[in-house]
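Take a look at the structure below.
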Amino acid sequence: MVLSVDLSGRVALVTGGTRGIGLGITRALLSAGATVVTCSRSEVEPVPGTTHRVCDVRDPDAVHDLVGSLDRLDILVNNAGGAPAADAATASPRFHDTIVGLNLLAPLVCAQAANAVMQRQDSGGAIVNISSISAGRPAPTIAAYGAAKAGLDSLTTSLAMEWAPKVRVNAIDVGLCRTEQTDDHYGDDATVAAIERTIPAGRMARPEEVGNVAAFLASGLASYVSGATVACHGGGEIPAFLLVQRGLR
């Protein structure tokens, strides 16, 4: 028997689903047959085959209005997030509040709104939280982001238990991924190549690879997977002593 991810007839909402990792997720869900709605804070050109809505996921009223406008909702992918680099010693309380709000509280608000719909559906639903390897290791210059993602991983396990059996909740801890912003974050091609040599897989992820994991977790193939955090990081990070021994540092 050949198994494949089939999301035909499912309606998915992907926050921040028009660029970067979010775009990869949107395309993966579309390829699996889902009807996809994306949202972001501003009006953008919709991804072909999708519907786009303007919604600031940090605004609970806007989130509930968006979810309430959908005929049904089977899949929520909490992808919107991120953080600019900042020194934890000098970053303002307002800055930290904004980062935690976007990366932890907003996914909770979106999940609450989605759960309210999914609990009423015979088929329930699936929520996928896009987290980060920064949740499980030191995150210098993005300390508040790492802390928020650690909170998101914890939140995932709690919601999975509270909302079972109707709603499954899982997370993906994403490692370095090549997007349109890679050069801005990491520098020129030579620097990116040097970074990629420190990843066991030998390269950064492609957005669609993260999308494939999200599609699997949202599908019936993962029907007994809930409360899990799946690592999508190409094997992790090579220990510092090996980097030195191999002349990569």
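FYI, nothing fancy with the structure tokens labels: chains A, B, ... in order, residues from 1 per chain, ligands from 1 as they appear.
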Quiz item: Neighbours of A:Arg178 within 9 Å (only C-alpha atoms; same-chain residues fewer than 5 positions away dropped), as an NGL selection string?
Solution: :A and (20-21 or 183 or 203-207)
With N, CA and C atoms retained, export the selected residues as a PDB file, in the first residue's frame.
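What landed in part-v4.pdb:
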```pdb
ATOM      1  N   GLY A  20       8.853  33.195   2.654  1.00  0.00           N
ATOM      2  CA  GLY A  20       9.745  32.425   3.502  1.00  0.00           C
ATOM      3  C   GLY A  20       9.239  31.028   3.795  1.00  0.00           C
ATOM      4  N   ILE A  21       9.431  30.587   5.032  1.00  0.00           N
ATOM      5  CA  ILE A  21       8.975  29.257   5.433  1.00  0.00           C
ATOM      6  C   ILE A  21       7.469  29.143   5.269  1.00  0.00           C
ATOM      7  N   ASP A 183      20.424  36.042   2.906  1.00  0.00           N
ATOM      8  CA  ASP A 183      21.611  36.892   2.770  1.00  0.00           C
ATOM      9  C   ASP A 183      21.594  38.043   3.771  1.00  0.00           C
ATOM     10  N   ARG A 203      23.664  21.468   4.440  1.00  0.00           N
ATOM     11  CA  ARG A 203      22.968  22.615   3.842  1.00  0.00           C
ATOM     12  C   ARG A 203      21.840  23.040   4.766  1.00  0.00           C
ATOM     13  N   MET A 204      21.327  24.245   4.506  1.00  0.00           N
ATOM     14  CA  MET A 204      20.127  24.691   5.197  1.00  0.00           C
ATOM     15  C   MET A 204      18.898  24.012   4.600  1.00  0.00           C
ATOM     16  N   ALA A 205      17.815  24.049   5.344  1.00  0.00           N
ATOM     17  CA  ALA A 205      16.563  23.496   4.838  1.00  0.00           C
ATOM     18  C   ALA A 205      16.008  24.355   3.712  1.00  0.00           C
ATOM     19  N   ARG A 206      15.172  23.759   2.908  1.00  0.00           N
ATOM     20  CA  ARG A 206      14.369  24.499   1.946  1.00  0.00           C
ATOM     21  C   ARG A 206      12.973  24.684   2.550  1.00  0.00           C
ATOM     22  N   PRO A 207      12.321  25.810   2.311  1.00  0.00           N
ATOM     23  CA  PRO A 207      11.000  26.048   2.913  1.00  0.00           C
ATOM     24  C   PRO A 207      10.008  24.921   2.663  1.00  0.00           C
TER      25      PRO A 207
END
```
Against stretch 212-220 of chain A, which residues of stretch 145-183 of chain A fall within 10 Å? For each one I want the closest pair of atoms and the distance in Å (one decimal), counting only C-alpha atoms, rows by chain and increasing residue number, as CSV.
```
residue,atom,partner,partner_atom,distance
A:Arg168,CA,A:Ala218,CA,8.4
A:Val169,CA,A:Leu217,CA,8.8
A:Asn170,CA,A:Leu217,CA,7.2
A:Ala171,CA,A:Ala214,CA,8.6
A:Ile172,CA,A:Ala214,CA,7.6
```
Quiz item: So which residues touch A:Met161 within 12 Å, counting only C-alpha atoms, skipping near sequence neighbours fewer than 5 positions away, as a VMD selection string?
Solution: chain A and resid 154 to 156 166 to 170 225 to 228
If DSSP is run on the backbone, what residues of stretch 24-226 of chain A are strand (DSSP E)? A reply as a tab-separated table (two decimals) with C-alpha atoms, in the first residue's frame would be ideal.
```
chain	number	residue	atom	x	y	z
A	35	THR	CA	-7.93	24.83	0.42
A	36	VAL	CA	-5.55	27.40	1.87
A	37	VAL	CA	-6.19	30.80	3.41
A	38	THR	CA	-3.16	32.92	4.28
A	39	CYS	CA	-2.98	36.00	6.43
A	40	SER	CA	-0.52	38.77	7.22
A	51	THR	CA	-7.17	33.35	-0.53
A	52	HIS	CA	-5.35	36.05	1.42
A	53	ARG	CA	-6.74	38.02	4.36
A	54	VAL	CA	-5.27	40.99	6.20
A	75	ILE	CA	-5.87	22.99	9.87
A	76	LEU	CA	-4.14	25.92	11.52
A	77	VAL	CA	-0.43	26.49	10.97
A	78	ASN	CA	0.92	29.11	13.37
A	125	GLY	CA	-8.84	19.48	13.43
A	126	ALA	CA	-5.07	19.82	13.62
A	127	ILE	CA	-2.87	22.69	14.77
A	128	VAL	CA	0.81	22.94	13.84
A	129	ASN	CA	3.01	25.45	15.64
A	130	ILE	CA	6.16	26.52	13.83
A	131	SER	CA	8.83	26.76	16.51
A	132	SER	CA	12.62	26.89	16.37
A	167	VAL	CA	-7.91	18.53	18.14
A	168	ARG	CA	-4.31	17.44	17.67
A	169	VAL	CA	-1.57	19.98	18.41
A	170	ASN	CA	2.06	19.55	17.36
A	171	ALA	CA	5.12	21.73	16.83
A	172	ILE	CA	8.08	21.79	14.46
A	173	ASP	CA	11.44	22.99	15.73
A	174	VAL	CA	12.93	24.45	12.56
```
Practice problem: Tell me which protein, DNA and RNA residues are within 8 Å of A:Ala114, counting only C-alpha atoms, leaving out same-chain ones fewer than 4 positions away, and put them as an MDAnalysis selection string. | Solution: chainID A and resid 67 73 76 110 118
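Nearest residue to A:Phe95, choosing from A:Glu43, A:Tyr145, A:Gly187, A:Thr15 and counting only C-alpha atoms: A:Tyr145.
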Quiz item: Could you write out, as a VMD selection string, all the residues of stretch 58-247 of chain A that DSSP marks as alpha helix (DSSP H)?
Solution: chain A and resid 60 to 68 93 to 100 106 to 118 143 to 163 182 to 186 189 to 196 207 to 218 240 to 245
Can you pull out every residue within 7 Å of A:Gly175, counting only C-alpha atoms, but drop anything in the same chain fewer than 3 positions away, and send it as a compact mmCIF listing (two decimals) with C-alpha atoms, in the first residue's frame?
```txt
# COMPACT_ATOMS: atom_id res chain seq x y z
CA SER A 132 12.62 26.89 16.37
CA ILE A 133 15.76 25.10 17.47
CA CYS A 232 13.49 19.71 11.28
CA HIS A 233 17.10 20.84 11.46
```
Residues at most 7 Å from stretch 27-29 of chain A, counting only C-alpha atoms, excluding those fewer than 4 positions away in the same chain, as a compact mmCIF listing (two decimals) with C-alpha atoms, in the first residue's frame?
```txt
# COMPACT_ATOMS: atom_id res chain seq x y z
CA LEU A 23 5.24 30.14 1.63
CA GLY A 33 -5.12 19.17 -1.93
CA ALA A 34 -6.04 21.59 0.86
CA GLU A 208 9.11 23.27 1.18
CA GLY A 211 6.10 22.48 4.59
CA ASN A 212 6.18 18.74 3.99
CA ALA A 215 1.47 18.73 5.83
```
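Coordinates place atom CA of A:Ser4 at a distance of 26.3 Å from atom CA of A:Ala111.
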